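This report refers to the structure that appears directly beneath it.
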Amino acid sequence: MPQLLLSEEEHNLIRQIERERETRMTVLCSSSTVILPPSSLKTSGCNRRSPFLGFSLTSISKPIDINANTKRGVLVKCETEQATTSTTSLVPPNQRWMFDEEEANGPDIWNTTWYPKASDHVNTDKPWFVVDATDKILGRLASTIANHIRGKNLASYTPSVDMGAFVIVVNAEKVAVSGKKRNQKLYRRHSGRPGGMTVETFDQLQQRIPERIIEHAVRGMLPKGRLGRALFNHLKVYKGPEHPHEAQKPLDLPIRDKRIQLQK
């Protein structure tokens with residue numbers, strides 16, 4: 001190929017352009033932006049020194065992300081800025097209120113289903129309710145108690161989490177049943193030995209252990225398993241009008257069932 005003869009002014013102009021280009025090719029991880037010409041990066045040698053950087057790209061302690069640009073060379077970004085820009089763009093600004101401060105830039109933004117944490121169902125923070133069982137229908141009273149123990153009256157109700165309250169029942173010996181259940185409703189228990197079945201009526205059990213009637217009804221309306229066993233501990237049934245839970249300042253149990261009271 002014939003060599004081009006350049007004048008001294010053209011040589012000076014080329015040198016000035018190269019010096020300006022070299023000043024722009026500085027690597028600063030804090031700013032984390034470097035533009036390199038495509039000719040300075042060759043695939044033949046990975047450890048080859050770059051004439052503009054003075055060191056090889058593989059010698060950088062932090063990994064870098066190289067995105068090719070056919071017109072303006074290569075854009076080199078540090079790992080810190082790449083991670084920041086990739087995470088901040090994941091959570092839209094109008095959805096960051098759903099996350100904590102440390103989770104605002106988290107990767108899981110599509111799962112918007114709320115699930116209670118351990119701090120959302122601490123037993124010492126749960127409310128206490130008290131209800132008088134005098135002349136109240138057993139089944140309707142038990143269903144109301146079970147709903148509050150499970151937390152089904154709350155907007156944050158979760159079937160697999162203990163979200164409910166504590167319920168105190170007083171005057172358990174005065175609970176009522178409808179129809180002929182007082183003599184026809186049977187309670188069975190077994191001692192575990194042959195012929196150890198014991199059967200007694202509602203009236204007999206109410207005279208002997210009145211607390212067991214309400215406990216039996218509520219237990220049947222709770223989940224079967226370790227969650228149900230934990231929820232059953234939130235029920236406190238007592239014979240008579242007194243109970244030892246005044247320190248918890250229990251509130252009256254809200255009852256929406258208008259047919260819960262026995263009509264005489």
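Residue numbering restarts at 1 for every chain of the structure tokens, chains are lettered A, B, ... in their displayed order, and ligands are numbered from 1 as they appear.
Omitting range 123-137 of chain A and its sequence neighbours fewer than 2 positions away, and counting only C-alpha atoms, the residues within 7 Å are His121, Gly139, Arg140, Leu141, Ala165, Phe166, Val167, Ile168, Val169, Val170, Asn171, Ala172, Lys174, Val175, Ala176, Val177, Gln248, Pro250, Leu251, Asp252, Leu253, Ile260, Gln261 and Leu262 of chain A.
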When DSSP works through the backbone of this structure, what residues of range 91-191 of chain A end up as helix (DSSP H, G or I), shown as a PDB file with N, CA and C atoms, in the first residue's frame?
```
ATOM      1  N   PRO A  93     -40.881   2.481  42.089  1.00  0.00           N
ATOM      2  CA  PRO A  93     -41.017   3.411  43.229  1.00  0.00           C
ATOM      3  C   PRO A  93     -42.371   3.341  43.901  1.00  0.00           C
ATOM      4  N   ASN A  94     -43.437   3.042  43.152  1.00  0.00           N
ATOM      5  CA  ASN A  94     -44.763   3.013  43.755  1.00  0.00           C
ATOM      6  C   ASN A  94     -45.048   1.733  44.527  1.00  0.00           C
ATOM      7  N   GLN A  95     -44.086   0.772  44.539  1.00  0.00           N
ATOM      8  CA  GLN A  95     -44.272  -0.475  45.282  1.00  0.00           C
ATOM      9  C   GLN A  95     -43.291  -0.636  46.421  1.00  0.00           C
ATOM     10  N   ARG A  96     -42.426   0.340  46.649  1.00  0.00           N
ATOM     11  CA  ARG A  96     -41.422   0.205  47.695  1.00  0.00           C
ATOM     12  C   ARG A  96     -42.009   0.297  49.094  1.00  0.00           C
ATOM     13  N   TRP A  97     -43.224   0.804  49.223  1.00  0.00           N
ATOM     14  CA  TRP A  97     -43.841   0.872  50.547  1.00  0.00           C
ATOM     15  C   TRP A  97     -44.163  -0.513  51.091  1.00  0.00           C
ATOM     16  N   MET A  98     -44.211  -1.526  50.224  1.00  0.00           N
ATOM     17  CA  MET A  98     -44.532  -2.883  50.672  1.00  0.00           C
ATOM     18  C   MET A  98     -43.320  -3.584  51.282  1.00  0.00           C
ATOM     19  N   ALA A 118     -42.628 -13.363  62.558  1.00  0.00           N
ATOM     20  CA  ALA A 118     -42.687 -13.731  63.973  1.00  0.00           C
ATOM     21  C   ALA A 118     -43.100 -12.547  64.833  1.00  0.00           C
ATOM     22  N   SER A 119     -42.729 -11.343  64.417  1.00  0.00           N
ATOM     23  CA  SER A 119     -43.074 -10.154  65.198  1.00  0.00           C
ATOM     24  C   SER A 119     -44.543  -9.777  65.063  1.00  0.00           C
ATOM     25  N   ASP A 120     -45.261 -10.391  64.127  1.00  0.00           N
ATOM     26  CA  ASP A 120     -46.670 -10.068  63.917  1.00  0.00           C
ATOM     27  C   ASP A 120     -47.609 -10.899  64.774  1.00  0.00           C
ATOM     28  N   ASN A 123     -47.264 -13.643  71.430  1.00  0.00           N
ATOM     29  CA  ASN A 123     -48.344 -13.940  72.368  1.00  0.00           C
ATOM     30  C   ASN A 123     -48.553 -12.829  73.381  1.00  0.00           C
ATOM     31  N   THR A 124     -47.476 -12.159  73.781  1.00  0.00           N
ATOM     32  CA  THR A 124     -47.626 -11.100  74.788  1.00  0.00           C
ATOM     33  C   THR A 124     -48.324  -9.868  74.235  1.00  0.00           C
ATOM     34  N   ASP A 125     -48.419  -9.755  72.917  1.00  0.00           N
ATOM     35  CA  ASP A 125     -49.087  -8.602  72.312  1.00  0.00           C
ATOM     36  C   ASP A 125     -50.512  -8.904  71.888  1.00  0.00           C
ATOM     37  N   LEU A 138     -74.475 -23.645  73.466  1.00  0.00           N
ATOM     38  CA  LEU A 138     -73.121 -24.200  73.486  1.00  0.00           C
ATOM     39  C   LEU A 138     -72.443 -24.106  72.114  1.00  0.00           C
ATOM     40  N   GLY A 139     -73.112 -24.574  71.071  1.00  0.00           N
ATOM     41  CA  GLY A 139     -72.477 -24.602  69.753  1.00  0.00           C
ATOM     42  C   GLY A 139     -72.183 -23.212  69.200  1.00  0.00           C
ATOM     43  N   ARG A 140     -73.125 -22.290  69.352  1.00  0.00           N
ATOM     44  CA  ARG A 140     -72.926 -20.938  68.847  1.00  0.00           C
ATOM     45  C   ARG A 140     -71.835 -20.208  69.645  1.00  0.00           C
ATOM     46  N   LEU A 141     -71.794 -20.442  70.921  1.00  0.00           N
ATOM     47  CA  LEU A 141     -70.731 -19.847  71.736  1.00  0.00           C
ATOM     48  C   LEU A 141     -69.368 -20.418  71.364  1.00  0.00           C
ATOM     49  N   ALA A 142     -69.293 -21.723  71.140  1.00  0.00           N
ATOM     50  CA  ALA A 142     -68.020 -22.350  70.804  1.00  0.00           C
ATOM     51  C   ALA A 142     -67.507 -21.873  69.446  1.00  0.00           C
ATOM     52  N   SER A 143     -68.395 -21.687  68.467  1.00  0.00           N
ATOM     53  CA  SER A 143     -67.950 -21.223  67.157  1.00  0.00           C
ATOM     54  C   SER A 143     -67.437 -19.789  67.226  1.00  0.00           C
ATOM     55  N   THR A 144     -68.067 -18.955  68.030  1.00  0.00           N
ATOM     56  CA  THR A 144     -67.579 -17.578  68.184  1.00  0.00           C
ATOM     57  C   THR A 144     -66.221 -17.558  68.860  1.00  0.00           C
ATOM     58  N   ILE A 145     -66.053 -18.378  69.872  1.00  0.00           N
ATOM     59  CA  ILE A 145     -64.757 -18.441  70.562  1.00  0.00           C
ATOM     60  C   ILE A 145     -63.679 -18.963  69.627  1.00  0.00           C
ATOM     61  N   ALA A 146     -64.001 -20.002  68.862  1.00  0.00           N
ATOM     62  CA  ALA A 146     -63.006 -20.574  67.948  1.00  0.00           C
ATOM     63  C   ALA A 146     -62.589 -19.578  66.870  1.00  0.00           C
ATOM     64  N   ASN A 147     -63.511 -18.759  66.392  1.00  0.00           N
ATOM     65  CA  ASN A 147     -63.166 -17.763  65.377  1.00  0.00           C
ATOM     66  C   ASN A 147     -62.182 -16.734  65.921  1.00  0.00           C
ATOM     67  N   HIS A 148     -62.363 -16.314  67.149  1.00  0.00           N
ATOM     68  CA  HIS A 148     -61.455 -15.323  67.725  1.00  0.00           C
ATOM     69  C   HIS A 148     -60.121 -15.953  68.119  1.00  0.00           C
ATOM     70  N   ILE A 149     -60.133 -17.201  68.506  1.00  0.00           N
ATOM     71  CA  ILE A 149     -58.864 -17.851  68.830  1.00  0.00           C
ATOM     72  C   ILE A 149     -58.036 -18.067  67.574  1.00  0.00           C
ATOM     73  N   ARG A 150     -58.662 -18.414  66.470  1.00  0.00           N
ATOM     74  CA  ARG A 150     -57.953 -18.595  65.212  1.00  0.00           C
ATOM     75  C   ARG A 150     -57.592 -17.269  64.548  1.00  0.00           C
ATOM     76  N   ALA A 172     -69.068 -21.367  83.365  1.00  0.00           N
ATOM     77  CA  ALA A 172     -69.171 -22.479  82.425  1.00  0.00           C
ATOM     78  C   ALA A 172     -70.277 -23.452  82.812  1.00  0.00           C
ATOM     79  N   GLU A 173     -70.653 -23.494  84.082  1.00  0.00           N
ATOM     80  CA  GLU A 173     -71.682 -24.440  84.513  1.00  0.00           C
ATOM     81  C   GLU A 173     -73.080 -23.989  84.105  1.00  0.00           C
ATOM     82  N   LYS A 174     -73.226 -22.778  83.566  1.00  0.00           N
ATOM     83  CA  LYS A 174     -74.543 -22.261  83.193  1.00  0.00           C
ATOM     84  C   LYS A 174     -74.766 -22.236  81.681  1.00  0.00           C
ATOM     85  N   LYS A 181     -81.037 -32.120  74.170  1.00  0.00           N
ATOM     86  CA  LYS A 181     -79.614 -32.474  74.247  1.00  0.00           C
ATOM     87  C   LYS A 181     -79.130 -32.641  75.676  1.00  0.00           C
ATOM     88  N   ARG A 182     -79.780 -32.039  76.610  1.00  0.00           N
ATOM     89  CA  ARG A 182     -79.314 -32.168  77.992  1.00  0.00           C
ATOM     90  C   ARG A 182     -79.332 -33.616  78.469  1.00  0.00           C
ATOM     91  N   ASN A 183     -80.255 -34.411  77.946  1.00  0.00           N
ATOM     92  CA  ASN A 183     -80.322 -35.830  78.339  1.00  0.00           C
ATOM     93  C   ASN A 183     -79.901 -36.778  77.216  1.00  0.00           C
ATOM     94  N   GLN A 184     -79.895 -36.298  75.972  1.00  0.00           N
ATOM     95  CA  GLN A 184     -79.565 -37.174  74.858  1.00  0.00           C
ATOM     96  C   GLN A 184     -78.139 -37.020  74.341  1.00  0.00           C
TER      97      GLN A 184
END
```
Choose the residue, out of A:Ile14, A:Leu5, A:Leu154, A:Val237, that has the smallest atom-to-atom separation from Glu211 in chain A; count only C-alpha atoms.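 The answer is A:Val237, which sits nearest to Glu211 in chain A.
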